[in-house]
Structure formats: structure tokens, C-alpha cells
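Have a look at coords_13.cif; it's mmCIF, C-alpha atoms:
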```cif
data_structure
#
loop_
_atom_site.group_PDB
_atom_site.id
_atom_site.type_symbol
_atom_site.label_atom_id
_atom_site.label_comp_id
_atom_site.auth_asym_id
_atom_site.auth_seq_id
_atom_site.Cartn_x
_atom_site.Cartn_y
_atom_site.Cartn_z
ATOM 1 C CA MET H 1 102.299 104.823 110.442
ATOM 2 C CA ALA H 2 105.060 104.499 107.816
ATOM 3 C CA LYS H 3 103.668 103.554 104.424
ATOM 4 C CA SER H 4 104.795 100.221 103.046
ATOM 5 C CA LYS H 5 107.509 99.937 100.427
ATOM 6 C CA VAL H 6 106.141 98.628 97.151
ATOM 7 C CA LEU H 7 107.845 96.758 94.295
ATOM 8 C CA ILE H 8 105.999 96.777 90.976
ATOM 9 C CA VAL H 9 106.861 94.158 88.369
ATOM 10 C CA GLY H 10 105.690 95.059 84.868
ATOM 11 C CA GLY H 11 105.739 98.774 85.687
ATOM 12 C CA THR H 12 105.942 99.927 82.067
ATOM 13 C CA GLY H 13 102.888 97.968 80.908
ATOM 14 C CA TYR H 14 99.329 99.066 80.148
ATOM 15 C CA LEU H 15 98.185 98.619 83.745
ATOM 16 C CA GLY H 16 101.573 98.559 85.487
ATOM 17 C CA LYS H 17 102.430 102.171 84.620
ATOM 18 C CA ARG H 18 99.166 103.245 86.260
ATOM 19 C CA VAL H 19 99.944 101.207 89.382
ATOM 20 C CA VAL H 20 103.326 102.980 89.614
ATOM 21 C CA LYS H 21 101.609 106.387 89.391
ATOM 22 C CA ALA H 22 99.014 105.422 92.009
ATOM 23 C CA SER H 23 101.706 104.118 94.359
ATOM 24 C CA LEU H 24 103.733 107.343 94.046
ATOM 25 C CA ALA H 25 100.595 109.489 94.426
ATOM 26 C CA ASN H 26 99.764 107.643 97.660
ATOM 27 C CA GLY H 27 103.189 108.393 99.109
ATOM 28 C CA HIS H 28 104.594 104.861 99.002
ATOM 29 C CA ASP H 29 108.307 104.273 98.631
ATOM 30 C CA THR H 30 107.981 102.816 95.123
ATOM 31 C CA TYR H 31 110.410 100.416 93.469
ATOM 32 C CA ILE H 32 110.108 99.256 89.856
ATOM 33 C CA LEU H 33 111.722 96.100 88.534
ATOM 34 C CA GLN H 34 113.989 97.028 85.625
ATOM 35 C CA ARG H 35 114.655 93.932 83.551
ATOM 36 C CA PRO H 36 117.743 93.715 81.295
ATOM 37 C CA GLU H 37 115.429 92.055 78.731
ATOM 38 C CA ILE H 38 114.025 95.536 78.035
ATOM 39 C CA GLY H 39 117.035 95.953 75.695
ATOM 40 C CA VAL H 40 116.767 99.007 73.445
ATOM 41 C CA ASP H 41 113.002 99.502 73.867
ATOM 42 C CA ILE H 42 113.482 103.262 74.145
ATOM 43 C CA GLU H 43 109.864 104.027 75.095
ATOM 44 C CA LYS H 44 110.024 101.707 78.104
ATOM 45 C CA VAL H 45 113.440 103.048 79.113
ATOM 46 C CA GLU H 46 112.140 106.632 78.911
ATOM 47 C CA MET H 47 109.117 105.693 81.018
ATOM 48 C CA LEU H 48 111.348 104.153 83.688
ATOM 49 C CA ILE H 49 113.558 107.265 83.745
ATOM 50 C CA SER H 50 110.479 109.483 84.030
ATOM 51 C CA PHE H 51 109.258 107.423 87.019
ATOM 52 C CA LYS H 52 112.721 107.721 88.578
ATOM 53 C CA MET H 53 112.525 111.496 88.187
ATOM 54 C CA GLN H 54 109.167 111.392 90.003
ATOM 55 C CA GLY H 55 110.783 109.615 92.959
ATOM 56 C CA ALA H 56 110.595 105.895 92.131
ATOM 57 C CA HIS H 57 113.601 103.594 92.599
ATOM 58 C CA LEU H 58 114.672 101.334 89.740
ATOM 59 C CA VAL H 59 115.824 97.843 90.771
ATOM 60 C CA THR H 60 117.638 95.734 88.194
ATOM 61 C CA ALA H 61 116.610 92.075 88.255
ATOM 62 C CA SER H 62 115.783 89.315 85.791
ATOM 63 C CA PHE H 63 113.417 86.363 85.840
ATOM 64 C CA ASP H 64 116.422 84.351 84.664
ATOM 65 C CA ASP H 65 118.454 85.306 87.751
ATOM 66 C CA HIS H 66 116.888 83.975 90.957
ATOM 67 C CA ARG H 67 119.375 85.764 93.237
ATOM 68 C CA SER H 68 118.573 89.144 91.661
ATOM 69 C CA LEU H 69 114.838 88.576 92.245
ATOM 70 C CA VAL H 70 115.416 87.622 95.901
ATOM 71 C CA ASP H 71 117.546 90.752 96.416
ATOM 72 C CA ALA H 72 114.838 92.908 94.789
ATOM 73 C CA VAL H 73 111.966 91.626 96.936
ATOM 74 C CA LYS H 74 114.065 91.862 100.107
ATOM 75 C CA ARG H 75 113.971 95.657 99.723
ATOM 76 C CA VAL H 76 110.191 95.991 100.039
ATOM 77 C CA ASP H 77 107.077 95.018 102.006
ATOM 78 C CA ILE H 78 104.619 94.571 99.127
ATOM 79 C CA VAL H 79 105.100 93.056 95.664
ATOM 80 C CA ILE H 80 102.594 93.829 92.893
ATOM 81 C CA CYS H 81 102.942 92.013 89.585
ATOM 82 C CA ALA H 82 101.253 93.484 86.519
ATOM 83 C CA ILE H 83 102.907 91.490 83.747
ATOM 84 C CA SER H 84 100.654 90.838 80.782
ATOM 85 C CA GLY H 85 98.279 87.906 80.661
ATOM 86 C CA VAL H 86 96.522 88.990 77.454
ATOM 87 C CA HIS H 87 97.484 86.798 74.521
ATOM 88 C CA ILE H 88 97.003 89.523 71.902
ATOM 89 C CA ARG H 89 99.839 91.392 73.650
ATOM 90 C CA SER H 90 101.935 88.835 75.536
ATOM 91 C CA HIS H 91 101.159 86.074 78.009
ATOM 92 C CA HIS H 92 103.675 85.611 80.808
ATOM 93 C CA ILE H 93 101.516 84.542 83.759
ATOM 94 C CA LEU H 94 103.591 81.465 84.657
ATOM 95 C CA LEU H 95 106.807 83.536 84.847
ATOM 96 C CA GLN H 96 105.410 84.595 88.216
ATOM 97 C CA LEU H 97 106.293 81.174 89.649
ATOM 98 C CA LYS H 98 109.890 82.438 89.706
ATOM 99 C CA LEU H 99 108.715 85.483 91.635
ATOM 100 C CA VAL H 100 106.852 83.239 94.098
ATOM 101 C CA ASP H 101 110.084 81.274 94.671
ATOM 102 C CA ALA H 102 111.998 84.511 95.326
ATOM 103 C CA ILE H 103 109.352 85.876 97.721
ATOM 104 C CA LYS H 104 109.285 82.561 99.577
ATOM 105 C CA GLU H 105 113.061 82.550 99.987
ATOM 106 C CA ALA H 106 113.271 86.235 100.973
ATOM 107 C CA GLY H 107 110.677 85.694 103.699
ATOM 108 C CA ASN H 108 110.000 89.385 104.369
ATOM 109 C CA VAL H 109 107.130 90.214 101.989
ATOM 110 C CA LYS H 110 103.943 91.165 103.834
ATOM 111 C CA ARG H 111 101.743 90.761 100.768
ATOM 112 C CA PHE H 112 101.903 89.674 97.130
ATOM 113 C CA LEU H 113 99.402 90.799 94.498
ATOM 114 C CA PRO H 114 99.948 88.582 91.435
ATOM 115 C CA SER H 115 98.922 89.576 87.941
ATOM 116 C CA GLU H 116 95.166 88.983 87.995
ATOM 117 C CA PHE H 117 93.103 92.118 87.236
ATOM 118 C CA GLY H 118 90.430 90.427 85.122
ATOM 119 C CA THR H 119 87.804 87.730 85.517
ATOM 120 C CA ASP H 120 88.148 85.777 88.784
ATOM 121 C CA PRO H 121 89.842 82.551 87.582
ATOM 122 C CA ALA H 122 88.495 80.601 90.570
ATOM 123 C CA ARG H 123 85.027 80.958 89.023
ATOM 124 C CA MET H 124 86.062 79.767 85.551
ATOM 125 C CA LYS H 125 86.574 76.036 86.109
ATOM 126 C CA ASN H 126 84.188 75.294 83.232
ATOM 127 C CA ALA H 127 85.566 77.880 80.792
ATOM 128 C CA MET H 128 85.979 76.825 77.174
ATOM 129 C CA GLY H 129 89.331 76.184 75.519
ATOM 130 C CA PRO H 130 91.664 77.585 74.470
ATOM 131 C CA GLY H 131 90.607 80.696 76.415
ATOM 132 C CA ARG H 132 90.676 78.850 79.712
ATOM 133 C CA VAL H 133 94.504 78.755 79.607
ATOM 134 C CA THR H 134 94.514 82.258 81.129
ATOM 135 C CA PHE H 135 92.418 81.128 84.088
ATOM 136 C CA ASP H 136 94.263 77.819 84.476
ATOM 137 C CA ASP H 137 97.656 79.564 84.543
ATOM 138 C CA LYS H 138 96.448 82.089 87.113
ATOM 139 C CA MET H 139 95.195 79.244 89.308
ATOM 140 C CA VAL H 140 98.607 77.525 89.069
ATOM 141 C CA VAL H 141 100.178 80.752 90.390
ATOM 142 C CA ARG H 142 97.556 81.042 93.162
ATOM 143 C CA LYS H 143 98.227 77.468 94.244
ATOM 144 C CA ALA H 144 101.976 78.165 94.448
ATOM 145 C CA ILE H 145 101.384 81.347 96.488
ATOM 146 C CA GLU H 146 99.068 79.614 98.942
ATOM 147 C CA GLU H 147 101.255 76.517 99.285
ATOM 148 C CA ALA H 148 104.247 78.777 100.036
ATOM 149 C CA GLY H 149 102.213 80.509 102.762
ATOM 150 C CA ILE H 150 102.688 83.925 101.147
ATOM 151 C CA PRO H 151 100.078 86.529 102.219
ATOM 152 C CA PHE H 152 98.123 87.704 99.165
ATOM 153 C CA THR H 153 95.376 89.834 97.698
ATOM 154 C CA TYR H 154 93.852 88.904 94.325
ATOM 155 C CA VAL H 155 92.331 91.822 92.402
ATOM 156 C CA SER H 156 89.431 90.939 90.098
ATOM 157 C CA ALA H 157 89.049 94.114 88.045
ATOM 158 C CA ASN H 158 86.567 92.781 85.454
ATOM 159 C CA CYS H 159 86.594 94.669 82.116
ATOM 160 C CA PHE H 160 89.274 97.237 81.329
ATOM 161 C CA ALA H 161 87.253 100.217 80.126
ATOM 162 C CA GLY H 162 89.641 100.999 77.273
ATOM 163 C CA TYR H 163 89.106 97.615 75.647
ATOM 164 C CA PHE H 164 85.394 97.149 76.275
ATOM 165 C CA LEU H 165 83.767 100.592 76.324
ATOM 166 C CA GLY H 166 85.816 101.943 73.447
ATOM 167 C CA GLY H 167 84.513 99.214 71.166
ATOM 168 C CA LEU H 168 80.966 99.176 72.579
ATOM 169 C CA CYS H 169 81.763 95.633 73.817
ATOM 170 C CA GLN H 170 82.570 94.345 70.316
ATOM 171 C CA ILE H 171 85.681 92.227 69.960
ATOM 172 C CA GLY H 172 88.369 93.735 67.747
ATOM 173 C CA HIS H 173 87.115 97.322 68.179
ATOM 174 C CA ILE H 174 88.523 99.931 70.547
ATOM 175 C CA LEU H 175 86.850 103.061 69.156
ATOM 176 C CA PRO H 176 83.048 103.441 69.107
ATOM 177 C CA SER H 177 81.204 103.713 65.802
ATOM 178 C CA ARG H 178 78.777 106.568 65.221
ATOM 179 C CA ASP H 179 76.795 104.446 62.747
ATOM 180 C CA SER H 180 76.236 100.851 63.803
ATOM 181 C CA VAL H 181 76.823 98.240 66.470
ATOM 182 C CA VAL H 182 76.574 94.454 66.660
ATOM 183 C CA LEU H 183 74.790 93.281 69.814
ATOM 184 C CA LEU H 184 76.145 90.044 71.256
ATOM 185 C CA GLY H 185 73.190 87.744 71.865
ATOM 186 C CA ASP H 186 70.331 89.843 73.217
ATOM 187 C CA GLY H 187 72.838 92.426 74.501
ATOM 188 C CA ASN H 188 71.330 92.218 77.994
ATOM 189 C CA GLN H 189 74.035 90.342 79.947
ATOM 190 C CA LYS H 190 75.549 92.582 82.602
ATOM 191 C CA ALA H 191 79.287 93.192 82.692
ATOM 192 C CA ILE H 192 81.436 95.508 84.833
ATOM 193 C CA TYR H 193 83.639 98.199 83.303
ATOM 194 C CA VAL H 194 86.440 99.877 85.254
ATOM 195 C CA ASP H 195 88.657 102.793 84.259
ATOM 196 C CA GLU H 196 92.242 101.522 84.271
ATOM 197 C CA ASP H 197 93.379 104.423 86.488
ATOM 198 C CA ASP H 198 90.688 103.443 89.005
ATOM 199 C CA ILE H 199 91.905 99.826 88.932
ATOM 200 C CA ALA H 200 95.333 101.106 89.982
ATOM 201 C CA THR H 201 93.864 103.373 92.687
ATOM 202 C CA TYR H 202 91.810 100.572 94.261
ATOM 203 C CA THR H 203 94.795 98.203 94.042
ATOM 204 C CA ILE H 204 97.071 100.573 95.985
ATOM 205 C CA LYS H 205 94.302 101.228 98.545
ATOM 206 C CA ALA H 206 94.117 97.489 99.243
ATOM 207 C CA ILE H 207 97.793 96.676 99.799
ATOM 208 C CA ASP H 208 97.950 97.701 103.487
ATOM 209 C CA ASP H 209 94.301 96.988 104.320
ATOM 210 C CA PRO H 210 93.810 94.083 106.754
ATOM 211 C CA ARG H 211 90.294 93.584 105.301
ATOM 212 C CA THR H 212 91.746 92.468 101.957
ATOM 213 C CA LEU H 213 94.436 90.161 103.376
ATOM 214 C CA ASN H 214 94.220 86.674 101.819
ATOM 215 C CA LYS H 215 91.056 87.696 99.952
ATOM 216 C CA THR H 216 89.881 88.562 96.462
ATOM 217 C CA LEU H 217 89.089 92.240 95.917
ATOM 218 C CA TYR H 218 86.291 92.553 93.356
ATOM 219 C CA LEU H 219 85.958 95.903 91.588
ATOM 220 C CA ARG H 220 82.259 96.531 91.089
ATOM 221 C CA PRO H 221 81.592 100.277 90.863
ATOM 222 C CA PRO H 222 77.764 100.294 91.070
ATOM 223 C CA GLN H 223 77.157 102.757 88.203
ATOM 224 C CA ASN H 224 79.359 100.662 85.908
ATOM 225 C CA ILE H 225 77.485 97.338 86.079
ATOM 226 C CA LEU H 226 75.790 97.557 82.706
ATOM 227 C CA SER H 227 74.683 95.471 79.754
ATOM 228 C CA GLN H 228 75.990 96.051 76.243
ATOM 229 C CA ARG H 229 72.623 97.604 75.345
ATOM 230 C CA GLU H 230 72.966 100.063 78.239
ATOM 231 C CA VAL H 231 76.504 100.983 77.146
ATOM 232 C CA VAL H 232 75.208 101.601 73.604
ATOM 233 C CA GLN H 233 72.359 103.734 74.968
ATOM 234 C CA ILE H 234 74.855 105.889 76.893
ATOM 235 C CA TRP H 235 76.892 106.385 73.706
ATOM 236 C CA GLU H 236 73.749 107.207 71.676
ATOM 237 C CA LYS H 237 72.797 109.818 74.270
ATOM 238 C CA LEU H 238 76.275 111.360 74.092
ATOM 239 C CA ILE H 239 76.291 111.599 70.270
ATOM 240 C CA GLY H 240 72.586 112.467 69.992
ATOM 241 C CA LYS H 241 71.938 109.721 67.470
ATOM 242 C CA LYS H 242 70.640 106.138 67.342
ATOM 243 C CA LEU H 243 72.968 103.459 65.982
ATOM 244 C CA LYS H 244 71.878 100.783 63.505
ATOM 245 C CA LYS H 245 71.761 97.522 65.466
ATOM 246 C CA SER H 246 72.217 93.942 64.360
ATOM 247 C CA THR H 247 72.570 90.884 66.565
ATOM 248 C CA LEU H 248 74.984 87.969 66.629
ATOM 249 C CA SER H 249 73.894 84.653 68.103
ATOM 250 C CA LYS H 250 76.393 82.713 70.188
ATOM 251 C CA GLU H 251 76.675 80.121 67.400
ATOM 252 C CA GLU H 252 77.520 82.866 64.872
ATOM 253 C CA PHE H 253 79.973 84.439 67.328
ATOM 254 C CA LEU H 254 81.856 81.167 67.863
ATOM 255 C CA ALA H 255 81.700 79.957 64.225
ATOM 256 C CA PRO H 256 84.957 81.621 63.018
ATOM 257 C CA MET H 257 86.932 80.211 65.991
ATOM 258 C CA LYS H 258 88.718 77.424 64.095
ATOM 259 C CA ASP H 259 90.098 79.839 61.468
ATOM 260 C CA LEU H 260 91.564 82.316 63.960
ATOM 261 C CA GLU H 261 95.102 82.612 65.278
ATOM 262 C CA TYR H 262 95.584 81.117 68.771
ATOM 263 C CA ALA H 263 95.731 84.536 70.506
ATOM 264 C CA GLU H 264 92.471 85.591 68.832
ATOM 265 C CA GLN H 265 90.795 82.315 69.840
ATOM 266 C CA VAL H 266 91.701 83.022 73.474
ATOM 267 C CA GLY H 267 90.226 86.516 73.241
ATOM 268 C CA LEU H 268 87.058 85.226 71.570
ATOM 269 C CA CYS H 269 86.509 82.780 74.459
ATOM 270 C CA HIS H 270 86.904 85.541 77.053
ATOM 271 C CA TYR H 271 84.402 87.799 75.280
ATOM 272 C CA TYR H 272 82.013 84.862 75.010
ATOM 273 C CA HIS H 273 81.994 84.216 78.766
ATOM 274 C CA VAL H 274 81.618 87.920 79.581
ATOM 275 C CA CYS H 275 79.085 88.947 76.925
ATOM 276 C CA TYR H 276 77.003 85.800 76.388
ATOM 277 C CA GLU H 277 77.157 84.203 79.846
ATOM 278 C CA GLY H 278 77.504 87.295 82.037
ATOM 279 C CA CYS H 279 80.273 85.610 84.059
ATOM 280 C CA LEU H 280 81.403 88.817 85.799
ATOM 281 C CA ALA H 281 78.177 89.885 87.423
ATOM 282 C CA ASN H 282 76.124 86.684 87.813
ATOM 283 C CA PHE H 283 77.272 85.822 91.349
ATOM 284 C CA GLU H 284 77.242 87.258 94.846
ATOM 285 C CA ILE H 285 80.594 87.951 96.489
ATOM 286 C CA GLY H 286 81.110 85.434 99.282
ATOM 287 C CA GLU H 287 83.323 85.359 102.349
ATOM 288 C CA GLU H 288 86.396 84.887 100.168
ATOM 289 C CA GLY H 289 86.014 88.398 98.797
ATOM 290 C CA GLU H 290 85.434 92.088 99.396
ATOM 291 C CA GLU H 291 84.011 94.733 97.071
ATOM 292 C CA ALA H 292 86.255 97.744 96.405
ATOM 293 C CA SER H 293 83.711 100.560 96.110
ATOM 294 C CA LYS H 294 82.207 99.553 99.476
ATOM 295 C CA LEU H 295 85.611 99.395 101.203
ATOM 296 C CA TYR H 296 86.813 102.659 99.648
ATOM 297 C CA PRO H 297 83.795 104.950 99.156
ATOM 298 C CA GLU H 298 86.194 107.914 99.114
ATOM 299 C CA VAL H 299 87.428 106.879 95.636
ATOM 300 C CA ASN H 300 85.581 109.027 93.118
ATOM 301 C CA TYR H 301 85.559 106.407 90.350
ATOM 302 C CA THR H 302 84.915 107.234 86.706
ATOM 303 C CA ALA H 303 81.366 106.355 85.677
ATOM 304 C CA VAL H 304 80.861 104.844 82.208
ATOM 305 C CA GLU H 305 79.141 107.958 80.846
ATOM 306 C CA ASN H 306 82.039 110.185 81.904
ATOM 307 C CA TYR H 307 84.579 107.706 80.582
ATOM 308 C CA MET H 308 82.942 107.630 77.157
ATOM 309 C CA LYS H 309 83.042 111.410 76.716
ATOM 310 C CA ARG H 310 86.693 110.996 75.625
ATOM 311 C CA TYR H 311 85.482 109.492 72.339
ATOM 312 C CA LEU H 312 83.366 112.500 71.346
#
```
What is this structure when it is put down as C-alpha cells?
Amino acid sequence: MAKSKVLIVGGTGYLGKRVVKASLANGHDTYILQRPEIGVDIEKVEMLISFKMQGAHLVTASFDDHRSLVDAVKRVDIVICAISGVHIRSHHILLQLKLVDAIKEAGNVKRFLPSEFGTDPARMKNAMGPGRVTFDDKMVVRKAIEEAGIPFTYVSANCFAGYFLGGLCQIGHILPSRDSVVLLGDGNQKAIYVDEDDIATYTIKAIDDPRTLNKTLYLRPPQNILSQREVVQIWEKLIGKKLKKSTLSKEEFLAPMKDLEYAEQVGLCHYYHVCYEGCLANFEIGEEGEEASKLYPEVNYTAVENYMKRYL
């Protein structure tokens, strides 16, 4: 069976570049949207050229030019969008409505994977503001996709390992201390940590799979469903030393909110739901979803302990 042709939007981003690599590695005819807005960002241009040299096709199109988007999506079977939805970097989730319009008009796309890759927004109806804007925007995009009758898969990838494991689950840290750690609440709420390369691998596995059509794919590698305390214990074992521990109540955690920049407030809310409420792991997957490590047992995912060896 011929492998589907894939268009990746946001292919130079933190996750997008990994999705491009996974698509190429899996033998897909891989197209990357090259946006004129990239300007003289030499690092992004070099990355695009390097992907082209590895066999990807660059397709010039802009979110400001509907016709160019329609022409781009007409060339492929699958569209994956990985544009950023993280406010500390950039937040462009609603730009995807233009992509939905183009896919609807083109009429040939067999599946669209919008930029999700985090907490399942359908479960965050009661999230606190301003952090809930991320979930609300993603639900606006989902509604547009479903109303347009576009086949979809939503990927709920939980915690990017680089952000959460590197900082021992502490906001504002991406490298682990060898001295001390602040435990959020009692440090016992379970979260789910996934290596970003594994997120890309599971995503590409799902694009042609009838089992994930019009469903949410949850990434829950069993060895990586851990509490903050368990993550800290793994790090202590690796460095052969106990860290000094203090705790932060939820009231103390939320207290500085009003003095923070908007982007930091959004991030604080997300950490709160994950680390104090355990929003990623406190539910069973229903009929609307599938679990990636069960569907694709052949993927040798990176366990937390192995991931954290990079910080030694």
C-alpha cells in the first residue's frame, strides 16, 4: 500500500521538526509549509533546506493567502499542524481556522491533525483563567473541523519531557538541580511525561490507522505515569544523592499570579491543573479515545529514567 503524502505546518518548531523527521523516517512523501513570514530567520531557513536535502518537499504558502493554502493541501492526503500554542513562545492556535477553511475547500484531505499535543482540552471545561484560553481556542478549532466534516485525529501528548522532567516538574526550570527541589502540594499527583521524539513517532503511526480516525490518541507510556516525588526519586538515584525538599501549597503557588505577565499566568494555570489536580491521569480513556502504547507496542518509547540520564 502506498504511504500517504503528509503536509506539516509548523515544521521548524520545537515539536514540528520532530514530526518532519518521523514522517521522513517512516517513508512518507513529506511536504513542509514554507511561510514567507519566516523572513530572514536564518536558523529556520537552514532547517528547511536541511529537510529538503533529506527528501522533503517545501511548499510556499501563507495564512494570509487562502488560495496558496488550498493549493498546498491539495497536494497531500494528511495535514499535521504543529504551530505553537504555548504562550511563553507564541500562541497561534486560532490561525488554524484558515487551514480548516482551506482543507474544507480542497476536499481531498483524508485526515487533519490540528495542533493539540498537550492536555485534552475537551476535559478542561472548568479550567481557571487565563490559562483556559489555550483549551478554549483548541475547542474552537475542533468545532470548526467537526462542523466542516473533516476527518481528524487529536493527539493528547500530556507533558513534554523537556519542559517537565528537566525542571523536576517545577515551573520556570528546565535543568534539574543537584541540591534542592520544591514539591508542588504533596508531590503525589500523577502526570504523564513523553519524550518529544516519541510524540512525533506515535503521531506518524496514527495518521493512516483506521483505529484512530475521528478519535483522540492519548499518549500514556505506562512507565512514564509518575508523580513529582517519583520523578525526584529517579533523579536522586541517578545522581546518588538526596535533594533538600520543601513544599508549596496551592495557595502559595497561585499567590504571585496577579503580578505576572499574561504568558506566565497562562503557564502557571497549566502547571496548577497538572501538578495540583492531576488532570492528565485522573480519568479512564473512553470510547472517544485510544491509547498509543497499546496500539503501537512496537514503539520502544523512552522511559523517564533513561530520558533523565541526559542531565548527568
What is the atom CA of Tyr163 of chain H to atom CA of Asp197 of chain H distance in Å?
13.5 Å
In the coordinate frame of the file, compute which residues have an atom within 9 Å of (94.3, 101.6, 74.6) when using only C-alpha atoms, and state them as an MDAnalysis selection string.
chainID H and resid 14 162:163 166 174
Go ahead and write the residues just picked, C-alpha atoms, as an mmCIF file, keeping the file's coordinate frame.
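Produced file again.cif, reproduced below:
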```
data_model
loop_
_atom_site.group_PDB
_atom_site.id
_atom_site.type_symbol
_atom_site.label_atom_id
_atom_site.label_comp_id
_atom_site.auth_asym_id
_atom_site.auth_seq_id
_atom_site.Cartn_x
_atom_site.Cartn_y
_atom_site.Cartn_z
ATOM 1 C CA TYR H 14 99.329 99.066 80.148
ATOM 2 C CA GLY H 162 89.641 100.999 77.273
ATOM 3 C CA TYR H 163 89.106 97.615 75.647
ATOM 4 C CA GLY H 166 85.816 101.943 73.447
ATOM 5 C CA ILE H 174 88.523 99.931 70.547
#
```
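The environment of Glu290 of chain H within 7 Å, counting only C-alpha atoms and disregarding residues fewer than 6 places along the same chain, consists of H:Thr212, H:Thr216, H:Leu217, H:Tyr218.
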Result set, the PyMOL selection byres ((chain H and resi 242-246) around 8) on current file, as a ChimeraX atom specification
/H:178-183,236,240-241,247-248
Given the file above and the PyMOL selection byres ((chain H and resi 70) around 7), which residues are selected, and can you give them as a ChimeraX atom specification?
/H:66-69,71-74,102-103,105-106
Using all atoms listed in the file: which of H:Val76, H:Val20, H:Val9, H:Ile207 has the shortest distance to Thr60 of chain H
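Closest to Thr60 of chain H, using all atoms listed in the file: H:Val9.
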Between atom CA of Asp41 of chain H and atom CA of Phe135 of chain H, measure the distance and give it in Å to one decimal.
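That distance, rounded to one decimal, is 29.4 Å.
Take atom CA of Ser23 of chain H and atom CA of Glu146 of chain H: the distance between them is 25.1 Å.
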Which of these, H:Val79, H:Ala157, H:Ile145, H:Ala281, has the shortest distance to Glu116 of chain H once you count all atoms listed in the file?
H:Ala157
Report as a list in words the residues that result from applying the PyMOL selection byres ((chain H and resi 303) around 9) to the structure here.
Tyr193, Val194, Asp195, Pro221, Pro222, Gln223, Asn224, Asn300, Tyr301, Thr302, Val304, Glu305, Asn306, Tyr307 and Met308 of chain H
Size and centre in Å, one decimal, axis-aligned box, all listed segment 227-241 of chain H atoms plus 4 Å per side, as JSON:
```
{"center_x": 74.4, "center_y": 104.0, "center_z": 73.6, "size_x": 13.0, "size_y": 25.0, "size_z": 20.3}
```
